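Note sheet for the following structure.
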Amino acid sequence: MSDSTVIDSVVPLSEAEVRRIRDDFPILATAVNGHPLAYLDSGATSQRPRAVLDAERAFATTLNAAVHRGAHTLAAEATEVFEDARRSLARFVGADEDEIVWTSNATEAINLVAYSLSNASLGRGGAAAARLRLGEGDEIVTTEMEHHANLIPWQELAARTGATLRVVPLDDEGALRLDEALRLIGDRTRIVAVTHVSNVLGVVNPVEQIVARAREVGALVLLDACQSAPHLPLDVRALDVDFAVLSGHKMLGPSGIGALYGRRDLLEIMPPFLTGGSMITTVTTTTAEYMPPPQRFEAGTQRVSQAVALAAAVDYLTEIGMPRIAAHEAALGSRLLDGLRAIDGVRVLGGGIALPRVGLASFDVAGIHSHDVGQFLDDRGIAVRVGHHCAQPLHRRLGVTSSTRASTYLYTIEAEVDAVLDGVAAAIDFFGARA
């Protein structure tokens, strides 16, 4: 059964339930420019419930100690809750605990994989890592819709190894050209890096078909799950990806914490990216032996309080239920999309793509720069995102330099979506942009 089928079969969160959820988020009671805050920028950074704020504060005030290093009671207890956090996140994404590597964010996680492959290509990791090596004639495949964090590391890996970077194009609406993806993923492809959900279009990409093609040719797959893990049920095993990355600050957690999921058999042969303390067993002045994963990839002092807080965020999301959250956002997304389409002069990027989507929409208003739209909405207390959203190639393909993005989450109510729609219409009148 697909995720979309599961979502269609559940009851979305009721208005009363969302109101109760909102009470858990202190910042949502804030006034901005004399108006109640309407926060429609969760695609960039989500807000945090009290349970998450309290978890990090409790660790700092009762358990703060270096993990994996001390023999005293406090260090042992800190290590236990740190590893409990790893187990919580592993359950959330359908992985085993030793397949979760803590990172500062998803960008670091992608770079970890890219640099590990680069180090393997230099001969690091020995014979076991030989299958990870890239060189001239090998190919890396990504797409034209990627966030820069899932594009530039692969550009750099290609430059370091001599491999060729192939980019799957988009159609005129912005949808991934699946036919081209299946053609470009061939016998020379070593790794495919693709976003699960576009941070600009909000569409859920056909990952299953891309993974199936990669399996046919023996290529690895890295999934950017930054915009899916907070909003959809995520099972990395069911998707059959080799790697997946996410960021805590987009899923009710704190900033400074992210994670890499990696298949155990791959993590075991991957040479490390960052090196130093905590990730070693034996060190001489000329050599070092490394810990098994995931500690092999966790050099230095770890983000312990942040990991604990992210685990609290995962527990919060799990208690509400990811299918119900996804159904709630799907309803909000339809309301947002339909409302924007009905406004003369507004073009929704990817608005005609016939794929499932999360509650996110980016749009261009004819005759008004996105920054002006965003400032006009901000004057009304409405927080949205403006710019190219770290996806310049996608915007360039669609013929715009920037867009305005409104993104919902579990705490968003219909009235806030309507406020965005009313604000966009008012901005058009204010700037005299109507035909």
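Just so we're on the same page: first chain in the structure tokens is A, next is B, and so on; residues restart at 1 for each chain, and ligands are numbered from 1 in the order they show up.
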
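Every protein or nucleic acid residue with an atom no more than 6 Å from segment 195-199 of chain A, counting only C-alpha atoms and leaving out same-chain residues fewer than 5 positions away, appears here: A:Val204, A:Asn205, A:Leu223, A:Asp224, A:Ala225, A:Gln227, A:Ser228.
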
Requested write-out: N, CA and C atoms of the selected residues, as a short mmCIF file (atom, residue, chain, number, x, y, z; two decimals), in the first residue's frame:
```cif
data_model
loop_
_atom_site.label_atom_id
_atom_site.label_comp_id
_atom_site.auth_asym_id
_atom_site.auth_seq_id
_atom_site.Cartn_x
_atom_site.Cartn_y
_atom_site.Cartn_z
N VAL A 204 5.80 15.33 -4.55
CA VAL A 204 6.47 14.12 -4.10
C VAL A 204 6.95 13.37 -5.34
N ASN A 205 8.25 13.24 -5.47
CA ASN A 205 8.81 12.62 -6.68
C ASN A 205 8.60 11.11 -6.71
N LEU A 223 18.75 9.85 -0.88
CA LEU A 223 17.47 10.55 -0.86
C LEU A 223 17.56 11.76 0.05
N ASP A 224 17.24 12.94 -0.49
CA ASP A 224 17.10 14.14 0.32
C ASP A 224 15.69 14.13 0.89
N ALA A 225 15.59 13.81 2.19
CA ALA A 225 14.29 13.69 2.84
C ALA A 225 13.96 14.89 3.72
N GLN A 227 12.31 17.59 3.15
CA GLN A 227 10.94 18.08 3.05
C GLN A 227 9.91 16.96 3.12
N SER A 228 10.37 15.73 3.30
CA SER A 228 9.42 14.62 3.44
C SER A 228 9.36 14.11 4.88
#
```

Sorted per-residue table, segment 166-277 of chain A near segment 91-95 of chain A, closest atoms and distance, 7 Å, only C-alpha atoms, as a tab-separated table:
```
residue	atom	partner	partner_atom	distance
A:Leu234	CA	A:Val93	CA	5.3
A:Asp235	CA	A:Gly94	CA	4.8
A:Val236	CA	A:Gly94	CA	5.8
A:Arg237	CA	A:Gly94	CA	6.2
```

Output N, CA and C atoms for every residue in the selection just made, as a PDB file, in the first residue's frame.
```
ATOM      1  N   LEU A 234       7.702   8.157   6.630  1.00  0.00           N
ATOM      2  CA  LEU A 234       8.950   7.866   5.922  1.00  0.00           C
ATOM      3  C   LEU A 234       9.493   6.518   6.383  1.00  0.00           C
ATOM      4  N   ASP A 235       9.740   5.634   5.414  1.00  0.00           N
ATOM      5  CA  ASP A 235      10.312   4.325   5.695  1.00  0.00           C
ATOM      6  C   ASP A 235      11.437   4.088   4.693  1.00  0.00           C
ATOM      7  N   VAL A 236      12.658   4.276   5.141  1.00  0.00           N
ATOM      8  CA  VAL A 236      13.791   4.186   4.220  1.00  0.00           C
ATOM      9  C   VAL A 236      13.978   2.775   3.689  1.00  0.00           C
ATOM     10  N   ARG A 237      13.604   1.775   4.479  1.00  0.00           N
ATOM     11  CA  ARG A 237      13.718   0.399   4.016  1.00  0.00           C
ATOM     12  C   ARG A 237      12.702   0.118   2.912  1.00  0.00           C
TER      13      ARG A 237
END
```

Counting only C-alpha atoms, which residues of segment 216-326 of chain A sit at most 12 Å from some atom of segment 98-103 of chain A, and what is each one's closest atom pair with its distance in Å to one decimal, listed by chain and rising residue number, as a tab-separated table?
```
residue	atom	partner	partner_atom	distance
A:Val236	CA	A:Glu99	CA	10.8
A:Arg237	CA	A:Glu99	CA	11.2
A:Asp242	CA	A:Glu99	CA	10.4
A:Phe243	CA	A:Glu99	CA	9.4
A:Ala244	CA	A:Ile100	CA	9.6
A:Val245	CA	A:Thr103	CA	9.4
A:Leu246	CA	A:Thr103	CA	9.4
A:Ser247	CA	A:Thr103	CA	8.8
A:Gly248	CA	A:Thr103	CA	9.9
A:Ser255	CA	A:Thr103	CA	11.0
A:Gly256	CA	A:Thr103	CA	8.1
A:Ile257	CA	A:Thr103	CA	5.9
A:Gly258	CA	A:Thr103	CA	4.9
A:Ala259	CA	A:Trp102	CA	4.6
A:Leu260	CA	A:Val101	CA	5.1
A:Tyr261	CA	A:Ile100	CA	4.8
A:Gly262	CA	A:Glu99	CA	5.3
A:Arg263	CA	A:Glu99	CA	6.0
A:Arg264	CA	A:Glu99	CA	5.5
A:Asp265	CA	A:Glu99	CA	9.3
A:Leu266	CA	A:Glu99	CA	9.5
A:Leu267	CA	A:Glu99	CA	7.5
A:Glu268	CA	A:Glu99	CA	9.7
A:Pro272	CA	A:Val101	CA	11.6
A:Phe273	CA	A:Thr103	CA	11.5
A:Leu274	CA	A:Thr103	CA	10.7
A:Met279	CA	A:Val101	CA	11.9
A:Pro292	CA	A:Asp98	CA	9.2
A:Pro293	CA	A:Asp98	CA	6.6
A:Pro294	CA	A:Val101	CA	5.3
A:Gln295	CA	A:Val101	CA	7.5
A:Arg296	CA	A:Val101	CA	9.0
A:Phe297	CA	A:Val101	CA	6.8
A:Glu298	CA	A:Trp102	CA	6.8
A:Ala299	CA	A:Thr103	CA	9.9
A:Gly300	CA	A:Thr103	CA	11.2
A:Thr301	CA	A:Trp102	CA	11.2
A:Gln302	CA	A:Trp102	CA	8.0
A:Arg303	CA	A:Trp102	CA	7.9
A:Val304	CA	A:Trp102	CA	9.5
A:Gln306	CA	A:Trp102	CA	10.1
A:Ala307	CA	A:Trp102	CA	7.9
A:Val308	CA	A:Trp102	CA	11.4
A:Leu310	CA	A:Trp102	CA	10.9
A:Ala311	CA	A:Trp102	CA	11.9
```

So which residues of segment 135-290 of chain A fall under strand (DSSP E) by DSSP, listed as a CSV table (one decimal) with N, CA and C atoms, in the first residue's frame?
```csv
chain,number,residue,atom,x,y,z
A,139,GLU,N,29.6,7.9,-13.6
A,139,GLU,CA,28.7,9.0,-13.7
A,139,GLU,C,27.9,9.2,-12.4
A,140,ILE,N,27.6,10.4,-12.0
A,140,ILE,CA,26.7,10.8,-10.9
A,140,ILE,C,25.5,11.4,-11.5
A,141,VAL,N,24.3,11.0,-11.0
A,141,VAL,CA,23.1,11.5,-11.6
A,141,VAL,C,22.3,12.3,-10.5
A,142,THR,N,21.9,13.5,-10.7
A,142,THR,CA,21.1,14.3,-9.9
A,142,THR,C,20.0,14.9,-10.7
A,143,THR,N,19.3,15.9,-10.2
A,143,THR,CA,18.2,16.5,-11.0
A,143,THR,C,18.2,18.0,-11.0
A,164,THR,N,31.6,12.1,-14.3
A,164,THR,CA,30.7,13.0,-15.0
A,164,THR,C,29.4,13.2,-14.3
A,165,LEU,N,29.0,14.4,-14.1
A,165,LEU,CA,27.7,14.7,-13.4
A,165,LEU,C,26.6,14.8,-14.5
A,166,ARG,N,25.6,14.0,-14.4
A,166,ARG,CA,24.4,14.1,-15.3
A,166,ARG,C,23.2,14.6,-14.5
A,167,VAL,N,22.5,15.5,-15.1
A,167,VAL,CA,21.4,16.2,-14.5
A,167,VAL,C,20.1,15.9,-15.2
A,168,VAL,N,19.1,15.3,-14.5
A,168,VAL,CA,17.8,15.0,-15.1
A,168,VAL,C,17.0,16.3,-15.3
A,189,THR,N,26.4,4.7,-14.2
A,189,THR,CA,26.0,5.5,-13.0
A,189,THR,C,26.4,4.8,-11.7
A,190,ARG,N,27.1,5.6,-10.9
A,190,ARG,CA,27.5,5.0,-9.6
A,190,ARG,C,26.6,5.5,-8.4
A,191,ILE,N,26.1,6.7,-8.5
A,191,ILE,CA,25.2,7.2,-7.4
A,191,ILE,C,24.2,8.1,-8.0
A,192,VAL,N,23.0,8.0,-7.5
A,192,VAL,CA,21.8,8.8,-7.9
A,192,VAL,C,21.4,9.6,-6.7
A,193,ALA,N,21.4,11.0,-6.8
A,193,ALA,CA,21.0,11.8,-5.6
A,193,ALA,C,19.7,12.6,-6.0
A,194,VAL,N,18.6,12.3,-5.3
A,194,VAL,CA,17.4,12.9,-5.7
A,194,VAL,C,16.6,13.4,-4.5
A,195,THR,N,15.8,14.4,-4.6
A,195,THR,CA,15.0,14.9,-3.5
A,195,THR,C,13.7,14.1,-3.5
A,220,LEU,N,24.1,3.4,-6.4
A,220,LEU,CA,23.6,3.8,-5.1
A,220,LEU,C,22.6,4.9,-5.2
A,221,VAL,N,21.7,5.0,-4.2
A,221,VAL,CA,20.7,6.1,-4.2
A,221,VAL,C,20.8,6.9,-2.9
A,222,LEU,N,20.9,8.2,-3.0
A,222,LEU,CA,20.8,9.1,-1.8
A,222,LEU,C,19.6,9.9,-1.9
A,223,LEU,N,18.7,9.8,-0.9
A,223,LEU,CA,17.5,10.5,-0.9
A,223,LEU,C,17.6,11.8,0.1
A,224,ASP,N,17.2,12.9,-0.5
A,224,ASP,CA,17.1,14.1,0.3
A,224,ASP,C,15.7,14.1,0.9
A,243,PHE,N,21.0,5.7,1.1
A,243,PHE,CA,21.3,6.8,2.1
A,243,PHE,C,20.0,7.7,2.1
A,244,ALA,N,19.8,8.4,3.2
A,244,ALA,CA,18.8,9.4,3.3
A,244,ALA,C,19.3,10.4,4.3
A,245,VAL,N,18.9,11.7,4.1
A,245,VAL,CA,19.4,12.8,5.0
A,245,VAL,C,18.2,13.6,5.4
A,246,LEU,N,18.3,14.2,6.6
A,246,LEU,CA,17.2,15.0,7.1
A,246,LEU,C,17.8,16.1,8.0
A,247,SER,N,17.0,17.1,8.3
A,247,SER,CA,17.4,18.2,9.2
A,247,SER,C,16.4,18.3,10.3
A,258,GLY,N,21.2,17.2,12.5
A,258,GLY,CA,20.7,16.5,11.3
A,258,GLY,C,21.1,15.0,11.4
A,259,ALA,N,20.8,14.3,10.4
A,259,ALA,CA,21.2,12.9,10.4
A,259,ALA,C,21.3,12.3,9.0
A,260,LEU,N,22.2,11.3,9.0
A,260,LEU,CA,22.4,10.5,7.8
A,260,LEU,C,21.9,9.1,8.1
A,261,TYR,N,21.0,8.6,7.3
A,261,TYR,CA,20.7,7.1,7.3
A,261,TYR,C,21.6,6.5,6.2
A,262,GLY,N,22.3,5.4,6.6
A,262,GLY,CA,23.1,4.7,5.6
A,262,GLY,C,22.9,3.2,5.8
A,280,ILE,N,37.9,6.8,16.9
A,280,ILE,CA,39.0,6.0,16.7
A,280,ILE,C,39.1,4.9,17.8
A,281,THR,N,39.9,3.8,17.5
A,281,THR,CA,40.2,2.8,18.5
A,281,THR,C,41.6,2.9,19.0
A,282,THR,N,42.5,2.9,18.0
A,282,THR,CA,44.0,2.9,18.3
A,282,THR,C,44.6,4.0,17.5
A,283,VAL,N,45.5,4.8,18.1
A,283,VAL,CA,46.2,5.8,17.4
A,283,VAL,C,47.7,5.8,17.7
A,288,ALA,N,46.1,5.3,12.4
A,288,ALA,CA,44.9,5.3,13.2
A,288,ALA,C,44.0,4.2,12.8
A,289,GLU,N,43.3,3.6,13.7
A,289,GLU,CA,42.2,2.6,13.4
A,289,GLU,C,40.9,3.2,13.8
A,290,TYR,N,39.9,3.0,13.0
A,290,TYR,CA,38.6,3.7,13.3
A,290,TYR,C,37.6,2.8,13.9
```

Report as a JSON list (two decimals) with N, CA and C atoms, in the first residue's frame: the residues of segment 402-432 of chain A with a DSSP assignment of helix (DSSP H, G or I), based on the backbone of this structure.
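File written: states_15.json
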```json
[["chain", "number", "residue", "atom", "x", "y", "z"],
["A", 414, "GLU", "N", -6.67, 26.82, 8.68],
["A", 414, "GLU", "CA", -7.20, 27.32, 7.41],
["A", 414, "GLU", "C", -7.20, 28.84, 7.35],
["A", 415, "ALA", "N", -7.47, 29.49, 8.47],
["A", 415, "ALA", "CA", -7.53, 30.95, 8.48],
["A", 415, "ALA", "C", -6.19, 31.56, 8.08],
["A", 416, "GLU", "N", -5.09, 30.89, 8.39],
["A", 416, "GLU", "CA", -3.78, 31.41, 8.02],
["A", 416, "GLU", "C", -3.55, 31.27, 6.51],
["A", 417, "VAL", "N", -4.00, 30.15, 5.95],
["A", 417, "VAL", "CA", -3.92, 30.00, 4.50],
["A", 417, "VAL", "C", -4.76, 31.09, 3.81],
["A", 418, "ASP", "N", -5.95, 31.32, 4.32],
["A", 418, "ASP", "CA", -6.81, 32.35, 3.74],
["A", 418, "ASP", "C", -6.19, 33.74, 3.88],
["A", 419, "ALA", "N", -5.45, 33.96, 4.98],
["A", 419, "ALA", "CA", -4.78, 35.25, 5.17],
["A", 419, "ALA", "C", -3.72, 35.47, 4.09],
["A", 420, "VAL", "N", -3.01, 34.39, 3.72],
["A", 420, "VAL", "CA", -2.03, 34.49, 2.64],
["A", 420, "VAL", "C", -2.73, 34.87, 1.33],
["A", 421, "LEU", "N", -3.81, 34.18, 1.03],
["A", 421, "LEU", "CA", -4.54, 34.44, -0.22],
["A", 421, "LEU", "C", -5.07, 35.87, -0.26],
["A", 422, "ASP", "N", -5.66, 36.31, 0.84],
["A", 422, "ASP", "CA", -6.16, 37.69, 0.90],
["A", 422, "ASP", "C", -5.02, 38.68, 0.77],
["A", 423, "GLY", "N", -3.89, 38.37, 1.39],
["A", 423, "GLY", "CA", -2.75, 39.26, 1.33],
["A", 423, "GLY", "C", -2.16, 39.38, -0.06],
["A", 424, "VAL", "N", -2.08, 38.26, -0.78],
["A", 424, "VAL", "CA", -1.56, 38.30, -2.16],
["A", 424, "VAL", "C", -2.48, 39.14, -3.05],
["A", 425, "ALA", "N", -3.77, 38.93, -2.91],
["A", 425, "ALA", "CA", -4.72, 39.72, -3.71],
["A", 425, "ALA", "C", -4.61, 41.21, -3.37],
["A", 426, "ALA", "N", -4.46, 41.52, -2.10],
["A", 426, "ALA", "CA", -4.31, 42.91, -1.69],
["A", 426, "ALA", "C", -3.00, 43.52, -2.20],
["A", 427, "ALA", "N", -1.95, 42.69, -2.23],
["A", 427, "ALA", "CA", -0.65, 43.19, -2.74],
["A", 427, "ALA", "C", -0.77, 43.57, -4.20],
["A", 428, "ILE", "N", -1.48, 42.77, -4.96],
["A", 428, "ILE", "CA", -1.67, 43.08, -6.39],
["A", 428, "ILE", "C", -2.39, 44.41, -6.55],
["A", 429, "ASP", "N", -3.41, 44.63, -5.74],
["A", 429, "ASP", "CA", -4.13, 45.91, -5.80],
["A", 429, "ASP", "C", -3.21, 47.05, -5.36],
["A", 430, "PHE", "N", -2.46, 46.84, -4.29],
["A", 430, "PHE", "CA", -1.60, 47.89, -3.74],
["A", 430, "PHE", "C", -0.55, 48.33, -4.75]]
```

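Residue nearest Ile320 of chain A within the list A:Pro393, A:Pro233, A:Gly218, A:Gly339: A:Pro233 [criterion: smallest interatomic distance, only C-alpha atoms].
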
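Take the candidates A:Pro49, A:Glu56, A:Ser278, A:Ala313 and check each one against Leu89 of chain A using only C-alpha atoms; the shortest distance goes to A:Ala313.
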
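Atom CA of Glu208 of chain A is found 22.2 Å from atom CA of Ile325 of chain A.
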
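Taking only C-alpha atoms into account, Val81 of chain A lies nearest to A:Ala312 out of the set A:Ala361, A:Leu355, A:Ala312, A:Ile27.
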
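Atom CA of Ala109 of chain A is found 9.7 Å from atom CA of Ala149 of chain A.
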
- Message: Taking 4 positions as the minimum chain separation for residues in the same chain, which residues sit within 10 Å of Arg405 of chain A when counting only C-alpha atoms? Answer as an MDAnalysis selection string.
- Response: chainID A and resid 40:41 43:44 199:202 348:349 360:364 370 374 383:389

Please write the residues from the selection above to a file, keeping N, CA and C atoms, as a PDB file, in the first residue's frame.
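Ended up saving to selection-v4.pdb:
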```pdb
ATOM      1  N   LEU A  40       3.906  30.872   7.960  1.00  0.00           N
ATOM      2  CA  LEU A  40       3.822  30.037   6.753  1.00  0.00           C
ATOM      3  C   LEU A  40       5.209  29.849   6.146  1.00  0.00           C
ATOM      4  N   ASP A  41       6.204  29.620   7.022  1.00  0.00           N
ATOM      5  CA  ASP A  41       7.576  29.411   6.560  1.00  0.00           C
ATOM      6  C   ASP A  41       8.195  28.165   7.185  1.00  0.00           C
ATOM      7  N   GLY A  43       8.658  25.359   5.817  1.00  0.00           N
ATOM      8  CA  GLY A  43       9.538  24.685   4.884  1.00  0.00           C
ATOM      9  C   GLY A  43      10.987  25.096   5.067  1.00  0.00           C
ATOM     10  N   ALA A  44      11.201  26.285   5.621  1.00  0.00           N
ATOM     11  CA  ALA A  44      12.561  26.746   5.905  1.00  0.00           C
ATOM     12  C   ALA A  44      12.990  26.307   7.295  1.00  0.00           C
ATOM     13  N   ASN A 199      11.548  21.309  -2.465  1.00  0.00           N
ATOM     14  CA  ASN A 199      11.361  22.402  -1.517  1.00  0.00           C
ATOM     15  C   ASN A 199      10.769  23.642  -2.179  1.00  0.00           C
ATOM     16  N   VAL A 200      10.621  23.633  -3.489  1.00  0.00           N
ATOM     17  CA  VAL A 200      10.010  24.742  -4.217  1.00  0.00           C
ATOM     18  C   VAL A 200       8.613  24.383  -4.707  1.00  0.00           C
ATOM     19  N   LEU A 201       8.476  23.198  -5.268  1.00  0.00           N
ATOM     20  CA  LEU A 201       7.214  22.790  -5.892  1.00  0.00           C
ATOM     21  C   LEU A 201       6.291  22.051  -4.934  1.00  0.00           C
ATOM     22  N   GLY A 202       6.861  21.432  -3.913  1.00  0.00           N
ATOM     23  CA  GLY A 202       6.053  20.668  -2.968  1.00  0.00           C
ATOM     24  C   GLY A 202       5.606  19.313  -3.475  1.00  0.00           C
ATOM     25  N   VAL A 348       1.495  29.722 -10.079  1.00  0.00           N
ATOM     26  CA  VAL A 348       2.016  28.774  -9.098  1.00  0.00           C
ATOM     27  C   VAL A 348       3.045  27.886  -9.785  1.00  0.00           C
ATOM     28  N   LEU A 349       4.267  27.881  -9.294  1.00  0.00           N
ATOM     29  CA  LEU A 349       5.303  27.051  -9.890  1.00  0.00           C
ATOM     30  C   LEU A 349       4.966  25.580  -9.658  1.00  0.00           C
ATOM     31  N   LEU A 360       2.704  22.946   0.525  1.00  0.00           N
ATOM     32  CA  LEU A 360       3.686  23.983   0.181  1.00  0.00           C
ATOM     33  C   LEU A 360       3.418  24.459  -1.232  1.00  0.00           C
ATOM     34  N   ALA A 361       3.539  25.768  -1.462  1.00  0.00           N
ATOM     35  CA  ALA A 361       3.381  26.315  -2.814  1.00  0.00           C
ATOM     36  C   ALA A 361       4.288  27.519  -2.977  1.00  0.00           C
ATOM     37  N   SER A 362       4.967  27.563  -4.109  1.00  0.00           N
ATOM     38  CA  SER A 362       5.764  28.730  -4.490  1.00  0.00           C
ATOM     39  C   SER A 362       5.105  29.382  -5.688  1.00  0.00           C
ATOM     40  N   PHE A 363       5.101  30.707  -5.701  1.00  0.00           N
ATOM     41  CA  PHE A 363       4.365  31.389  -6.764  1.00  0.00           C
ATOM     42  C   PHE A 363       5.052  32.678  -7.164  1.00  0.00           C
ATOM     43  N   ASP A 364       4.732  33.098  -8.371  1.00  0.00           N
ATOM     44  CA  ASP A 364       5.241  34.347  -8.942  1.00  0.00           C
ATOM     45  C   ASP A 364       4.054  35.250  -9.221  1.00  0.00           C
ATOM     46  N   SER A 370       9.223  39.182  -5.753  1.00  0.00           N
ATOM     47  CA  SER A 370       8.858  38.330  -4.617  1.00  0.00           C
ATOM     48  C   SER A 370       9.188  38.994  -3.279  1.00  0.00           C
ATOM     49  N   GLY A 374       6.611  39.467  -0.229  1.00  0.00           N
ATOM     50  CA  GLY A 374       6.917  39.014   1.113  1.00  0.00           C
ATOM     51  C   GLY A 374       6.853  40.129   2.137  1.00  0.00           C
ATOM     52  N   ALA A 383       4.333  35.366   7.767  1.00  0.00           N
ATOM     53  CA  ALA A 383       5.715  35.002   7.464  1.00  0.00           C
ATOM     54  C   ALA A 383       5.745  33.991   6.330  1.00  0.00           C
ATOM     55  N   VAL A 384       6.360  34.370   5.215  1.00  0.00           N
ATOM     56  CA  VAL A 384       6.571  33.474   4.079  1.00  0.00           C
ATOM     57  C   VAL A 384       8.031  33.580   3.666  1.00  0.00           C
ATOM     58  N   ARG A 385       8.429  32.748   2.726  1.00  0.00           N
ATOM     59  CA  ARG A 385       9.803  32.741   2.233  1.00  0.00           C
ATOM     60  C   ARG A 385       9.852  33.421   0.870  1.00  0.00           C
ATOM     61  N   VAL A 386      10.921  34.174   0.605  1.00  0.00           N
ATOM     62  CA  VAL A 386      11.087  34.783  -0.711  1.00  0.00           C
ATOM     63  C   VAL A 386      12.512  34.525  -1.206  1.00  0.00           C
ATOM     64  N   GLY A 387      12.682  34.511  -2.531  1.00  0.00           N
ATOM     65  CA  GLY A 387      13.990  34.297  -3.119  1.00  0.00           C
ATOM     66  C   GLY A 387      13.991  33.080  -4.024  1.00  0.00           C
ATOM     67  N   HIS A 388      15.163  32.463  -4.178  1.00  0.00           N
ATOM     68  CA  HIS A 388      15.252  31.281  -5.045  1.00  0.00           C
ATOM     69  C   HIS A 388      15.266  29.981  -4.248  1.00  0.00           C
ATOM     70  N   HIS A 389      15.178  30.091  -2.920  1.00  0.00           N
ATOM     71  CA  HIS A 389      15.035  28.921  -2.038  1.00  0.00           C
ATOM     72  C   HIS A 389      16.158  27.898  -2.247  1.00  0.00           C
TER      73      HIS A 389
END
```

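The shortest atom-to-atom distance to Met251 of chain A, with only C-alpha atoms taken into account, belongs to A:Val314 out of A:Ile185, A:Val314, A:Leu112, A:Ala219.
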
- For segment 15-24 of chain A, please output as a ChimeraX atom specification all residues within 9 Å (counting only C-alpha atoms; exclusion window: fewer than 4 positions along the same chain). /A:28-29,48-51,410-414

- Message: When you look at segment 121-138 of chain A with a cut-off of 6 Å (counting only C-alpha atoms), what residues show up, excluding the ones that are within fewer than 2 positions of it in the same chain? I need them as a VMD selection string.
- Response: chain A and resid 117 to 119 161 to 163 188 269 271

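Atom pair atom CA of Ile343 of chain A / atom CA of Ala326 of chain A has a distance of 25.9 Å (rounded to one decimal).
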